[in-house]
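Listing of my_file26.cif, mmCIF, C-alpha atoms and all ligand atoms
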```cif
data_entry
#
loop_
_atom_site.label_atom_id
_atom_site.label_comp_id
_atom_site.auth_asym_id
_atom_site.auth_seq_id
_atom_site.Cartn_x
_atom_site.Cartn_y
_atom_site.Cartn_z
CA MET A 1 -36.08 13.23 39.04
CA GLN A 2 -37.41 13.12 35.54
CA TYR A 3 -40.81 11.93 34.42
CA TYR A 4 -42.00 10.00 31.37
CA SER A 5 -45.46 9.40 30.00
CA THR A 6 -47.19 6.01 30.07
CA ASN A 7 -47.99 6.52 26.39
CA GLY A 8 -44.29 6.53 25.65
CA LYS A 9 -44.00 9.65 23.48
CA ILE A 10 -42.90 12.08 26.18
CA ASN A 11 -39.99 11.79 28.55
CA ASN A 12 -37.39 13.76 30.49
CA LYS A 13 -39.91 16.17 31.97
CA SER A 14 -38.96 17.91 35.19
CA LEU A 15 -41.12 17.60 38.29
CA LYS A 16 -42.26 21.18 37.83
CA GLU A 17 -43.32 20.52 34.25
CA ALA A 18 -45.08 17.27 35.18
CA VAL A 19 -46.98 18.95 38.01
CA ILE A 20 -48.02 22.00 36.01
CA GLU A 21 -48.95 20.03 32.89
CA GLY A 22 -50.82 17.37 34.87
CA LEU A 23 -51.53 15.13 31.91
CA ALA A 24 -48.78 14.49 29.36
CA GLU A 25 -49.29 15.92 25.88
CA ASP A 26 -49.56 12.42 24.42
CA ASN A 27 -52.54 11.85 26.74
CA GLY A 28 -50.52 9.51 28.98
CA LEU A 29 -49.87 9.77 32.70
CA PHE A 30 -46.55 10.89 34.10
CA MET A 31 -44.38 8.33 35.91
CA PRO A 32 -41.11 8.99 37.77
CA ASN A 33 -38.08 7.52 35.99
CA GLU A 34 -37.08 5.77 39.16
CA ILE A 35 -38.69 4.49 42.35
CA LYS A 36 -35.93 4.67 44.94
CA PRO A 37 -36.11 2.06 47.70
CA LEU A 38 -35.72 3.19 51.30
CA PRO A 39 -32.88 1.60 53.31
CA ASP A 40 -33.42 -1.26 55.78
CA SER A 41 -32.48 1.05 58.63
CA PHE A 42 -35.52 3.20 57.83
CA PHE A 43 -37.86 0.24 58.22
CA GLU A 44 -36.08 -0.96 61.37
CA ASN A 45 -36.69 2.36 63.10
CA ILE A 46 -39.92 3.40 61.44
CA ASP A 47 -41.95 2.88 64.61
CA GLN A 48 -39.89 5.58 66.33
CA LEU A 49 -40.88 8.23 63.76
CA SER A 50 -43.90 10.53 63.62
CA PHE A 51 -46.24 10.54 60.61
CA GLN A 52 -44.68 13.78 59.39
CA GLU A 53 -41.15 12.44 59.76
CA ILE A 54 -42.01 9.24 57.89
CA ALA A 55 -43.70 11.23 55.13
CA PHE A 56 -40.70 13.51 54.78
CA GLU A 57 -38.36 10.54 54.26
CA VAL A 58 -40.71 9.12 51.62
CA ALA A 59 -41.14 12.51 49.94
CA LYS A 60 -37.36 12.95 49.66
CA GLN A 61 -37.11 9.77 47.56
CA PHE A 62 -39.41 11.31 44.96
CA PHE A 63 -38.97 15.06 45.22
CA GLY A 64 -35.64 15.51 47.06
CA GLY A 65 -33.69 16.20 43.89
CA ASP A 66 -36.07 18.96 42.78
CA ILE A 67 -37.03 20.84 45.93
CA PRO A 68 -34.56 21.96 48.62
CA SER A 69 -34.91 19.92 51.79
CA ASP A 70 -36.19 22.74 53.99
CA ASP A 71 -38.90 23.72 51.51
CA LEU A 72 -39.95 20.11 51.01
CA LYS A 73 -40.09 19.59 54.74
CA GLU A 74 -42.37 22.59 55.11
CA ILE A 75 -44.69 21.33 52.37
CA VAL A 76 -44.90 17.87 53.96
CA PHE A 77 -45.31 19.03 57.55
CA ASP A 78 -47.87 21.65 56.61
CA THR A 79 -49.88 19.14 54.52
CA LEU A 80 -50.10 16.62 57.35
CA SER A 81 -51.74 18.77 59.98
CA PHE A 82 -53.87 15.75 60.99
CA ASP A 83 -53.22 12.11 61.81
CA CYS A 84 -54.15 8.91 59.95
CA PRO A 85 -54.53 6.43 62.81
CA VAL A 86 -55.02 2.66 62.49
CA VAL A 87 -57.94 1.46 64.60
CA GLU A 88 -58.57 -2.19 65.40
CA VAL A 89 -62.06 -3.19 64.25
CA GLU A 90 -61.76 -6.85 65.16
CA ASN A 91 -59.05 -9.45 65.58
CA ASN A 92 -56.46 -8.94 62.80
CA ILE A 93 -58.48 -6.30 60.91
CA TRP A 94 -57.52 -2.66 61.19
CA SER A 95 -59.10 0.43 59.71
CA LEU A 96 -56.62 3.01 58.44
CA GLU A 97 -58.71 6.12 59.10
CA LEU A 98 -57.93 8.62 56.39
CA PHE A 99 -60.77 10.99 57.23
CA HIS A 100 -59.32 13.21 59.92
CA GLY A 101 -58.40 16.02 57.53
CA PRO A 102 -60.38 19.21 56.77
CA THR A 103 -62.84 17.65 54.29
CA ALA A 104 -63.01 14.22 55.93
CA ALA A 105 -61.71 12.06 53.07
CA PHE A 106 -58.30 10.69 52.14
CA LYS A 107 -58.06 13.13 49.26
CA ASP A 108 -57.09 15.83 51.75
CA VAL A 109 -53.57 14.38 51.80
CA GLY A 110 -52.97 14.61 48.05
CA GLY A 111 -55.07 17.77 47.63
CA ARG A 112 -53.23 19.71 50.33
CA PHE A 113 -49.84 18.48 49.17
CA MET A 114 -50.49 19.39 45.57
CA ALA A 115 -51.76 22.87 46.49
CA ARG A 116 -48.58 23.55 48.46
CA MET A 117 -46.27 22.14 45.81
CA LEU A 118 -47.94 24.11 43.04
CA ARG A 119 -47.76 27.29 45.11
CA TYR A 120 -44.05 26.59 45.61
CA PHE A 121 -43.43 26.16 41.88
CA LEU A 122 -45.48 29.21 40.94
CA GLN A 123 -44.04 31.68 43.40
CA ASN A 124 -42.11 33.47 40.66
CA GLU A 125 -44.66 32.97 37.92
CA ASN A 126 -46.81 35.89 36.78
CA ARG A 127 -49.39 33.99 34.82
CA LYS A 128 -52.55 32.87 36.52
CA VAL A 129 -52.93 29.10 36.80
CA ASN A 130 -56.24 27.35 36.29
CA VAL A 131 -56.64 24.10 38.13
CA LEU A 132 -59.23 21.73 36.68
CA ALA A 133 -60.58 18.97 38.90
CA ALA A 134 -63.20 16.41 37.92
CA THR A 135 -64.75 14.89 41.01
CA SER A 136 -66.85 11.89 41.86
CA GLY A 137 -67.47 13.57 45.21
CA ASP A 138 -64.39 13.97 47.38
CA THR A 139 -61.61 15.25 45.12
CA GLY A 140 -63.47 18.50 44.52
CA SER A 141 -63.67 19.38 48.18
CA ALA A 142 -60.12 18.35 49.05
CA VAL A 143 -58.64 20.27 46.13
CA ALA A 144 -60.89 23.31 46.53
CA ASN A 145 -60.18 23.55 50.23
CA GLY A 146 -56.46 23.01 49.66
CA PHE A 147 -56.32 25.90 47.19
CA LEU A 148 -58.89 28.23 48.76
CA GLY A 149 -57.66 31.81 48.81
CA VAL A 150 -54.30 31.03 47.16
CA ASP A 151 -53.29 33.99 44.98
CA GLY A 152 -52.74 33.39 41.29
CA ILE A 153 -54.67 30.11 41.21
CA HIS A 154 -58.27 29.55 40.14
CA VAL A 155 -59.90 26.16 40.70
CA TYR A 156 -62.71 24.74 38.56
CA VAL A 157 -64.46 21.74 40.06
CA LEU A 158 -66.52 19.66 37.61
CA TYR A 159 -68.99 17.27 39.20
CA PRO A 160 -71.83 15.05 37.99
CA LYS A 161 -75.16 16.72 38.71
CA GLY A 162 -77.25 14.87 41.26
CA LYS A 163 -74.65 12.15 41.79
CA VAL A 164 -72.79 13.39 44.86
CA SER A 165 -74.05 13.52 48.44
CA GLU A 166 -75.32 16.81 49.89
CA ILE A 167 -72.37 17.19 52.24
CA GLN A 168 -69.91 16.45 49.44
CA GLU A 169 -71.54 19.04 47.21
CA LYS A 170 -71.61 21.71 49.91
CA GLN A 171 -67.90 21.32 50.50
CA PHE A 172 -66.96 22.76 47.13
CA THR A 173 -70.00 24.79 46.05
CA THR A 174 -70.11 27.10 49.07
CA LEU A 175 -66.55 28.40 49.11
CA GLY A 176 -66.65 31.27 46.60
CA GLN A 177 -63.39 33.25 46.21
CA ASN A 178 -61.12 31.49 43.69
CA ILE A 179 -63.27 28.35 43.48
CA THR A 180 -65.88 27.79 40.74
CA ALA A 181 -68.13 24.73 40.87
CA ILE A 182 -69.45 23.38 37.56
CA GLU A 183 -72.40 21.04 37.67
CA VAL A 184 -72.20 18.75 34.62
CA ASP A 185 -75.24 17.04 33.19
CA GLY A 186 -73.56 13.62 33.02
CA THR A 187 -71.41 11.13 34.94
CA PHE A 188 -68.00 11.42 36.56
CA ASP A 189 -66.48 9.88 33.43
CA ASP A 190 -68.02 12.72 31.40
CA CYS A 191 -66.44 15.25 33.77
CA GLN A 192 -63.07 13.53 33.51
CA LYS A 193 -63.35 13.48 29.72
CA LEU A 194 -64.03 17.22 29.57
CA VAL A 195 -61.00 17.90 31.74
CA LYS A 196 -58.72 15.66 29.69
CA GLN A 197 -59.98 17.22 26.48
CA ALA A 198 -59.22 20.68 27.86
CA PHE A 199 -55.57 19.74 28.38
CA LEU A 200 -55.25 18.48 24.84
CA ASP A 201 -56.97 21.43 23.19
CA GLU A 202 -54.35 23.65 21.59
CA GLU A 203 -56.49 26.73 21.26
CA LEU A 204 -57.54 26.71 24.88
CA ASN A 205 -54.00 26.08 26.05
CA SER A 206 -52.70 29.00 24.04
CA LYS A 207 -55.04 31.25 26.01
CA LEU A 208 -54.93 29.74 29.49
CA LEU A 209 -52.42 28.01 31.70
CA LEU A 210 -54.21 24.83 32.76
CA THR A 211 -53.32 22.09 35.18
CA SER A 212 -55.06 19.04 36.58
CA ALA A 213 -55.73 18.29 40.20
CA ASN A 214 -56.97 14.78 39.61
CA SER A 215 -54.95 11.78 40.65
CA ILE A 216 -53.49 11.90 37.17
CA ASN A 217 -51.27 14.64 38.68
CA VAL A 218 -48.11 13.24 40.26
CA ALA A 219 -48.29 15.81 43.08
CA ARG A 220 -51.71 14.43 44.01
CA PHE A 221 -51.11 10.73 43.85
CA LEU A 222 -47.51 10.16 45.04
CA PRO A 223 -48.11 11.70 48.53
CA GLN A 224 -50.79 9.08 49.04
CA ALA A 225 -47.92 6.64 49.61
CA PHE A 226 -47.18 8.38 52.93
CA TYR A 227 -49.94 6.81 54.95
CA TYR A 228 -49.18 3.24 53.89
CA PHE A 229 -45.82 3.60 55.63
CA HIS A 230 -47.41 5.25 58.64
CA ALA A 231 -49.96 2.43 58.94
CA TYR A 232 -47.16 -0.13 58.89
CA ALA A 233 -45.24 1.84 61.52
CA GLN A 234 -48.25 1.86 63.85
CA LEU A 235 -48.78 -1.90 63.62
CA LYS A 236 -45.05 -2.49 64.12
CA LYS A 237 -45.13 -0.30 67.21
CA GLN A 238 -48.03 -2.30 68.62
CA GLY A 239 -46.20 -5.58 67.86
CA LYS A 240 -49.00 -6.72 65.58
CA LEU A 241 -47.04 -7.65 62.47
CA ASN A 242 -46.98 -11.38 63.00
CA GLY A 243 -47.85 -12.47 59.49
CA GLU A 244 -47.67 -11.11 55.98
CA LEU A 245 -49.54 -7.86 55.72
CA VAL A 246 -52.54 -7.55 53.38
CA VAL A 247 -53.94 -4.14 52.44
CA ALA A 248 -57.40 -3.67 50.94
CA VAL A 249 -58.02 -0.46 49.02
CA PRO A 250 -61.51 0.74 48.05
CA SER A 251 -60.85 1.79 44.47
CA GLY A 252 -62.39 3.98 41.79
CA ASN A 253 -59.82 5.85 39.74
CA PHE A 254 -57.05 3.71 41.30
CA GLY A 255 -54.79 6.56 42.44
CA ASN A 256 -54.82 5.39 46.03
CA LEU A 257 -53.98 1.79 45.19
CA THR A 258 -51.24 2.85 42.77
CA ALA A 259 -49.63 4.91 45.53
CA GLY A 260 -49.63 1.76 47.67
CA LEU A 261 -47.86 -0.13 44.89
CA PHE A 262 -45.21 2.58 44.83
CA ALA A 263 -44.78 2.23 48.62
CA GLN A 264 -44.31 -1.51 48.17
CA LYS A 265 -41.70 -0.94 45.44
CA MET A 266 -39.88 1.33 47.88
CA GLY A 267 -39.55 -1.64 50.20
CA LEU A 268 -42.65 -1.47 52.38
CA PRO A 269 -43.41 -5.11 53.29
CA ILE A 270 -46.95 -5.55 52.01
CA SER A 271 -47.49 -9.10 50.78
CA GLN A 272 -50.78 -8.57 48.98
CA PHE A 273 -53.14 -5.82 47.91
CA ILE A 274 -56.84 -6.23 47.35
CA ALA A 275 -58.55 -3.82 44.98
CA ALA A 276 -62.09 -3.49 46.32
CA ASN A 277 -64.61 -2.28 43.75
CA ASN A 278 -68.30 -1.57 43.82
CA GLU A 279 -70.33 -2.61 40.78
CA ASN A 280 -67.99 -0.57 38.60
CA ASP A 281 -65.73 -3.54 38.22
CA VAL A 282 -63.64 -3.20 35.05
CA VAL A 283 -60.41 -3.78 36.97
CA TYR A 284 -61.96 -6.70 38.85
CA GLN A 285 -62.85 -8.23 35.47
CA TYR A 286 -59.35 -7.59 34.20
CA LEU A 287 -57.85 -9.35 37.22
CA GLN A 288 -60.10 -12.36 36.62
CA GLU A 289 -59.78 -12.65 32.88
CA GLY A 290 -56.92 -10.53 31.60
CA ASP A 291 -59.01 -8.31 29.36
CA TYR A 292 -59.62 -4.66 30.06
CA HIS A 293 -62.89 -3.20 28.82
CA PRO A 294 -63.70 0.32 30.04
CA LYS A 295 -67.43 0.84 30.48
CA GLN A 296 -69.91 3.58 31.29
CA SER A 297 -70.01 3.95 35.05
CA VAL A 298 -73.10 2.94 36.98
CA GLU A 299 -74.39 4.70 40.09
CA THR A 300 -73.83 3.03 43.45
CA ILE A 301 -73.99 4.03 47.12
CA ALA A 302 -70.17 4.13 47.17
CA ASN A 303 -70.34 6.99 44.67
CA ALA A 304 -66.72 8.13 44.87
CA MET A 305 -65.81 4.81 43.22
CA ASP A 306 -68.29 5.11 40.35
CA VAL A 307 -65.61 5.11 37.67
CA GLY A 308 -65.89 3.10 34.48
CA ASN A 309 -62.50 3.93 32.98
CA PRO A 310 -60.00 4.40 35.79
CA SER A 311 -57.17 6.75 34.81
CA ASN A 312 -54.49 5.24 37.00
CA PHE A 313 -54.91 1.79 35.55
CA ALA A 314 -52.43 2.96 32.89
CA ARG A 315 -49.87 3.46 35.68
CA ILE A 316 -50.44 -0.05 37.03
CA LEU A 317 -49.96 -1.56 33.58
CA ASP A 318 -46.80 0.48 33.13
CA LEU A 319 -45.40 -0.46 36.54
CA TYR A 320 -45.69 -4.18 35.76
CA LYS A 321 -45.00 -3.98 32.03
CA GLU A 322 -48.52 -5.20 31.33
CA GLN A 323 -47.79 -8.66 32.75
CA TRP A 324 -51.21 -9.82 33.85
CA ASN A 325 -49.83 -12.72 35.90
CA VAL A 326 -47.54 -10.47 37.87
CA ILE A 327 -50.30 -7.92 38.44
CA ARG A 328 -52.82 -10.47 39.65
CA SER A 329 -50.34 -12.18 41.93
CA ASN A 330 -49.84 -8.87 43.74
CA ILE A 331 -53.36 -7.45 43.50
CA ALA A 332 -56.40 -9.57 44.25
CA GLY A 333 -59.81 -8.31 43.22
CA ALA A 334 -63.14 -7.96 44.97
CA ARG A 335 -66.46 -6.45 43.97
CA PHE A 336 -69.55 -5.63 45.98
CA SER A 337 -73.15 -4.77 45.13
CA ASP A 338 -75.00 -2.05 47.01
CA ALA A 339 -76.88 -4.76 48.92
CA GLN A 340 -73.60 -6.33 50.04
CA ILE A 341 -72.21 -2.95 51.09
CA ASN A 342 -75.32 -2.28 53.20
CA SER A 343 -75.13 -5.69 54.75
CA THR A 344 -71.47 -5.16 55.69
CA ILE A 345 -72.16 -1.76 57.28
CA ASN A 346 -74.96 -3.38 59.24
CA SER A 347 -73.13 -6.46 60.49
CA VAL A 348 -69.90 -4.64 61.41
CA TYR A 349 -71.87 -2.10 63.40
CA ALA A 350 -73.92 -4.81 65.12
CA GLU A 351 -70.89 -6.94 65.97
CA THR A 352 -68.22 -4.37 66.76
CA GLY A 353 -69.87 -0.94 67.06
CA TYR A 354 -67.57 0.39 64.33
CA ILE A 355 -69.31 2.59 61.73
CA LEU A 356 -68.05 2.07 58.18
CA ASP A 357 -68.72 4.38 55.27
CA PRO A 358 -69.85 2.65 52.03
CA HIS A 359 -66.33 2.81 50.51
CA GLY A 360 -64.51 1.52 53.57
CA ALA A 361 -67.14 -1.22 53.78
CA CYS A 362 -65.87 -2.61 50.46
CA GLY A 363 -62.33 -2.66 51.81
CA TYR A 364 -63.37 -4.29 55.07
CA GLN A 365 -65.41 -7.00 53.36
CA ALA A 366 -62.61 -7.77 50.90
CA LEU A 367 -60.29 -8.47 53.85
CA LYS A 368 -62.91 -10.45 55.71
CA ASP A 369 -63.43 -12.69 52.68
CA GLN A 370 -59.81 -13.14 51.71
CA LEU A 371 -57.57 -12.93 54.81
CA LYS A 372 -56.00 -16.22 55.77
CA ASN A 373 -55.69 -17.35 59.39
CA ASP A 374 -53.71 -14.96 61.54
CA GLN A 375 -52.75 -12.66 58.68
CA PRO A 376 -52.90 -9.00 59.68
CA GLY A 377 -55.03 -6.92 57.35
CA ILE A 378 -55.55 -3.20 56.95
CA PHE A 379 -58.35 -1.62 54.94
CA LEU A 380 -58.34 2.04 53.99
CA GLU A 381 -61.31 3.87 55.52
CA THR A 382 -61.35 6.52 52.82
CA ALA A 383 -64.06 8.86 54.12
CA HIS A 384 -65.91 9.70 57.31
CA PRO A 385 -69.31 7.94 57.43
CA ALA A 386 -70.98 11.32 58.01
CA LYS A 387 -70.22 12.22 54.38
CA PHE A 388 -72.71 9.49 53.43
CA ILE A 389 -75.00 9.89 56.39
CA GLU A 390 -78.26 9.15 54.53
CA THR A 391 -76.95 5.79 53.31
CA VAL A 392 -75.28 4.80 56.55
CA GLU A 393 -78.11 5.79 58.88
CA ALA A 394 -80.65 4.06 56.64
CA VAL A 395 -78.80 0.87 57.58
CA ILE A 396 -77.81 1.32 61.22
CA GLY A 397 -80.53 3.70 62.44
CA ASP A 398 -81.10 7.44 62.66
CA GLY A 399 -78.92 9.56 64.87
CA LYS A 400 -76.09 7.04 65.07
CA VAL A 401 -73.51 8.96 63.06
CA THR A 402 -71.89 11.96 64.69
CA ILE A 403 -71.19 14.70 62.16
CA PRO A 404 -67.81 16.32 62.83
CA ASP A 405 -67.91 20.10 63.41
CA ARG A 406 -65.84 20.80 60.33
CA LEU A 407 -68.52 19.14 58.17
CA LEU A 408 -71.36 20.96 59.94
CA GLN A 409 -69.68 24.26 59.09
CA PHE A 410 -69.85 23.45 55.37
CA MET A 411 -73.56 22.61 55.63
CA LYS A 412 -74.31 26.18 56.65
CA GLY A 413 -73.02 27.68 53.40
CA GLU A 414 -75.04 28.63 50.31
CA LYS A 415 -74.56 26.47 47.20
CA GLN A 416 -73.30 28.31 44.13
CA SER A 417 -72.63 26.49 40.87
CA ILE A 418 -72.71 26.87 37.11
CA GLU A 419 -74.71 24.30 35.14
CA LEU A 420 -73.05 22.83 32.08
CA ALA A 421 -74.26 20.45 29.37
CA ARG A 422 -71.90 17.65 28.32
CA SER A 423 -70.23 19.71 25.62
CA PHE A 424 -66.58 20.55 25.29
CA ASP A 425 -67.32 23.71 23.30
CA LEU A 426 -69.50 25.07 26.08
CA PHE A 427 -66.89 24.13 28.69
CA SER A 428 -64.17 25.84 26.71
CA GLN A 429 -66.31 28.98 26.34
CA LEU A 430 -67.01 29.01 30.04
CA LEU A 431 -63.31 28.86 30.90
CA THR A 432 -62.37 31.59 28.43
CA ASN A 433 -65.25 33.88 29.36
CA GLU A 434 -64.39 33.76 33.02
CA HIS A 435 -61.12 35.49 32.19
C1 LIG A 501 -61.90 9.00 45.62
C2 LIG A 501 -62.42 8.02 46.60
C3 LIG A 501 -62.18 6.64 46.47
C4 LIG A 501 -61.47 6.07 45.27
O1 LIG A 501 -60.09 6.40 45.28
P1 LIG A 501 -59.23 6.25 43.94
O2 LIG A 501 -57.89 6.74 44.28
O3 LIG A 501 -59.91 7.08 42.92
O4 LIG A 501 -59.26 4.81 43.59
C5 LIG A 501 -62.63 5.79 47.47
N1 LIG A 501 -63.31 6.26 48.53
C6 LIG A 501 -63.56 7.57 48.70
C7 LIG A 501 -64.33 8.00 49.88
C8 LIG A 501 -63.12 8.49 47.74
O5 LIG A 501 -63.39 9.78 47.91
#
```

What is this structure when it is put down as structure tokens?
Amino acid sequence: MQYYSTNGKINNKSLKEAVIEGLAEDNGLFMPNEIKPLPDSFFENIDQLSFQEIAFEVAKQFFGGDIPSDDLKEIVFDTLSFDCPVVEVENNIWSLELFHGPTAAFKDVGGRFMARMLRYFLQNENRKVNVLAATSGDTGSAVANGFLGVDGIHVYVLYPKGKVSEIQEKQFTTLGQNITAIEVDGTFDDCQKLVKQAFLDEELNSKLLLTSANSINVARFLPQAFYYFHAYAQLKKQGKLNGELVVAVPSGNFGNLTAGLFAQKMGLPISQFIAANNENDVVYQYLQEGDYHPKQSVETIANAMDVGNPSNFARILDLYKEQWNVIRSNIAGARFSDAQINSTINSVYAETGYILDPHGACGYQALKDQLKNDQPGIFLETAHPAKFIETVEAVIGDGKVTIPDRLLQFMKGEKQSIELARSFDLFSQLLTNEH
């Protein structure tokens, strides 16, 4: 499969090139030339397949022409060492729990897959690869943990100082080895800007081999399609698909939602998506009015969605040839203030006993507000509530959230990070000096 850039100046890149380059040289995002639909027979029997088997079939449509089947199978099976179950929260509303991986957020799927794919492509490469990841909280940990201890790869995690939760921060600042955490005096958008600038800087790229582990990387975002199919398979197996399926996706940089759109293009019967935003609502505004105005991000309690200029929006525009009417007929919008998020966490816990995290709460509430009678709806529960324990317990009461052992282990480590002002020159120096 070949890849082109959403900015239109680059095309015919191989998968390997697209994965290693991350961002296209014209500053666009890579897109596969083709989205191959899966056959009807696959959907008829999907409820008989395991998560890993489903994911392998999906992966072959994208990567099958570039990676031998056995190798691809190993990458997929090894990535998905945990399940993504759907759990009924109330009548017709299911939570797709994406937090059962090592760092307790959905980004484990893409992070682990990308680490394995990059390792596969670099097995005969002598040069050291530097992976740059800007994080609003959960990418850093998923990517760092996916790459921890992998020879020939060094990971730099850039995160906004003081704007991630303690557990999130510990998950990528305590690892040591080939992981360096950089604490940026700014917002997530500033971190993302530094990373993008690094890819476009000729001098830096002549010295270092750089790649991106953000959802701009196709190896990060395409695997996120896997669990949409698996969610569908689980509801089919339980005989719950009586109406047209609606899927609500808590969204920040829009990688997760874009992967869902790819799944739909491959034939997965989803009738409607809802993009659930916090107060960072530039896509919500676009869906209402047709104009797209990136903004500075504002801080919210759903911090992993504090993105004012979502990268993957370029992919959505490309997918639908910028036709606003087509986009808004497929993707409805929703936006929630911190007060609304708190109120949702509170009422869902009181009425059902289910504990939402602040991101999942946006997805849940979007379904609750927009589902029509008897329509089945799934929202993506993108992180374990323990990752935001201060926020969640402030609403539902102390001691209510059980912290999984794997998160407790991270809490024991010692934080190590490098502080950085919002300056590309200083960032560039830091990267070059480390070598
Ligand atoms: C990253 C993240 C999101 C946003 O996902 P995007 O793919 O960037 O839209 C939502 N919730 C959590 C918990 C996250 O970590």

Surrounding residues as a PyMOL selection string, ligand LIG 501 (chain A), max 9 Å, all atoms listed in the file: chain A and resi 99+104-107+135-139+214-215+221+224+249-259+275+277+302-307+310-312+357-360+380-384+387

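Of the residues listed (A:Tyr286, A:Gly65, A:Phe379, A:Asn278), A:Asn278 shows the shortest atom-to-atom separation from Phe336 of chain A; distances use only C-alpha atoms.
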
Counting all atoms listed in the file, the option among A:Phe262, A:Asn346, A:Asn205, A:Val401 closest to Val218 of chain A: A:Phe262

Near-Ala18 of chain A list (8 Å; all atoms listed in the file; drop same-chain fewer than 4 positions) as a PyMOL selection string: chain A and resi 3+13-14+22-24+30+217-218

Between segment 73-171 of chain A and segment 196-203 of chain A, at 10 Å or less, what are the per-residue closest atom pairs and their distances in Å? Count all atoms listed in the file, order by chain and rising residue number, and return it as a tab-separated table.
```
residue	atom	partner	partner_atom	distance
A:Leu132	CA	A:Ala198	CA	8.9
A:Ala133	CA	A:Lys196	CA	10.0
A:Ala134	CA	A:Lys196	CA	9.4
```

Nearest to Pro32 of chain A, chosen from A:Asp318, A:Lys163, A:Gln234, A:Tyr227, with all atoms listed in the file counted in the distances: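 Ranking A:Asp318, A:Lys163, A:Gln234, A:Tyr227 by distance to Pro32 of chain A, first place goes to A:Asp318.
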
Per residue of segment 140-240 of chain A within 7 Å of segment 42-55 of chain A, note the shortest atom pair and the distance in Å to one decimal, counting all atoms listed in the file, and order the rows by chain and increasing residue number, as JSON lines.
```
{"residue": "A:Phe226", "atom": "CA", "partner": "A:Ala55", "partner_atom": "CA", "distance": 5.0}
{"residue": "A:His230", "atom": "CA", "partner": "A:Phe51", "partner_atom": "CA", "distance": 5.8}
{"residue": "A:Ala233", "atom": "CA", "partner": "A:Asp47", "partner_atom": "CA", "distance": 4.6}
{"residue": "A:Gln234", "atom": "CA", "partner": "A:Asp47", "partner_atom": "CA", "distance": 6.4}
{"residue": "A:Lys236", "atom": "CA", "partner": "A:Asp47", "partner_atom": "CA", "distance": 6.2}
{"residue": "A:Lys237", "atom": "CA", "partner": "A:Asp47", "partner_atom": "CA", "distance": 5.2}
```

Could you write those residues out with C-alpha atoms, as a short mmCIF file (atom, residue, chain, number, x, y, z; two decimals), in the coordinates of the input?
```cif
data_model
loop_
_atom_site.label_atom_id
_atom_site.label_comp_id
_atom_site.auth_asym_id
_atom_site.auth_seq_id
_atom_site.Cartn_x
_atom_site.Cartn_y
_atom_site.Cartn_z
CA PHE A 226 -47.18 8.38 52.93
CA HIS A 230 -47.41 5.25 58.64
CA ALA A 233 -45.24 1.84 61.52
CA GLN A 234 -48.25 1.86 63.85
CA LYS A 236 -45.05 -2.49 64.12
CA LYS A 237 -45.13 -0.30 67.21
#
```

Among listed residues A:Lys368, A:Arg127, A:Lys321, A:Arg315, nearest Ala276 of chain A (using all atoms listed in the file):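 Selected residue with least distance to Ala276 of chain A: A:Lys368.
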
Contacts of Ile167 of chain A at 7 Å (all atoms listed in the file; same-chain gap of 2+ positions) as a VMD selection string: chain A and resid 165 169 to 171 387 411

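Interatomic distance, atom CA of Asp369 of chain A against atom CA of Ile355 of chain A: 18.7 Å.
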
Residue list as a list in words for point (-63.5, -12.8, 40.6), cut-off 8 Å, all atoms listed in the file: Tyr284, Gln285, Leu287, Gln288, Gly333, Ala334 and Arg335 of chain A

Go ahead and write the selection's residues with C-alpha atoms as a PDB file, in the frame of the given file.
```pdb
ATOM      1  CA  TYR A 284     -61.960  -6.700  38.850  1.00  0.00           C
ATOM      2  CA  GLN A 285     -62.850  -8.230  35.470  1.00  0.00           C
ATOM      3  CA  LEU A 287     -57.850  -9.350  37.220  1.00  0.00           C
ATOM      4  CA  GLN A 288     -60.100 -12.360  36.620  1.00  0.00           C
ATOM      5  CA  GLY A 333     -59.810  -8.310  43.220  1.00  0.00           C
ATOM      6  CA  ALA A 334     -63.140  -7.960  44.970  1.00  0.00           C
ATOM      7  CA  ARG A 335     -66.460  -6.450  43.970  1.00  0.00           C
TER       8      ARG A 335
END
```

Contact residues around Glu125 of chain A with all atoms listed in the file at 12 Å, ignoring same-chain residues under 6 positions, as a PyMOL selection string: chain A and resi 20+118-119+151-153+209

Nearest to Thr173 of chain A, chosen from A:Tyr156, A:Phe188, A:Tyr364, A:Tyr354, with only C-alpha atoms counted in the distances: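 Under the stated criterion, the closest residue is A:Tyr156.
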
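Taking atom CA of Phe410 of chain A as the reference point, atom CA of Glu183 of chain A is found at 18.0 Å.
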
Which of A:Ala59, A:Arg328, A:Leu210, A:Pro85 sits closest to Ala225 of chain A [using all atoms listed in the file]: A:Ala59
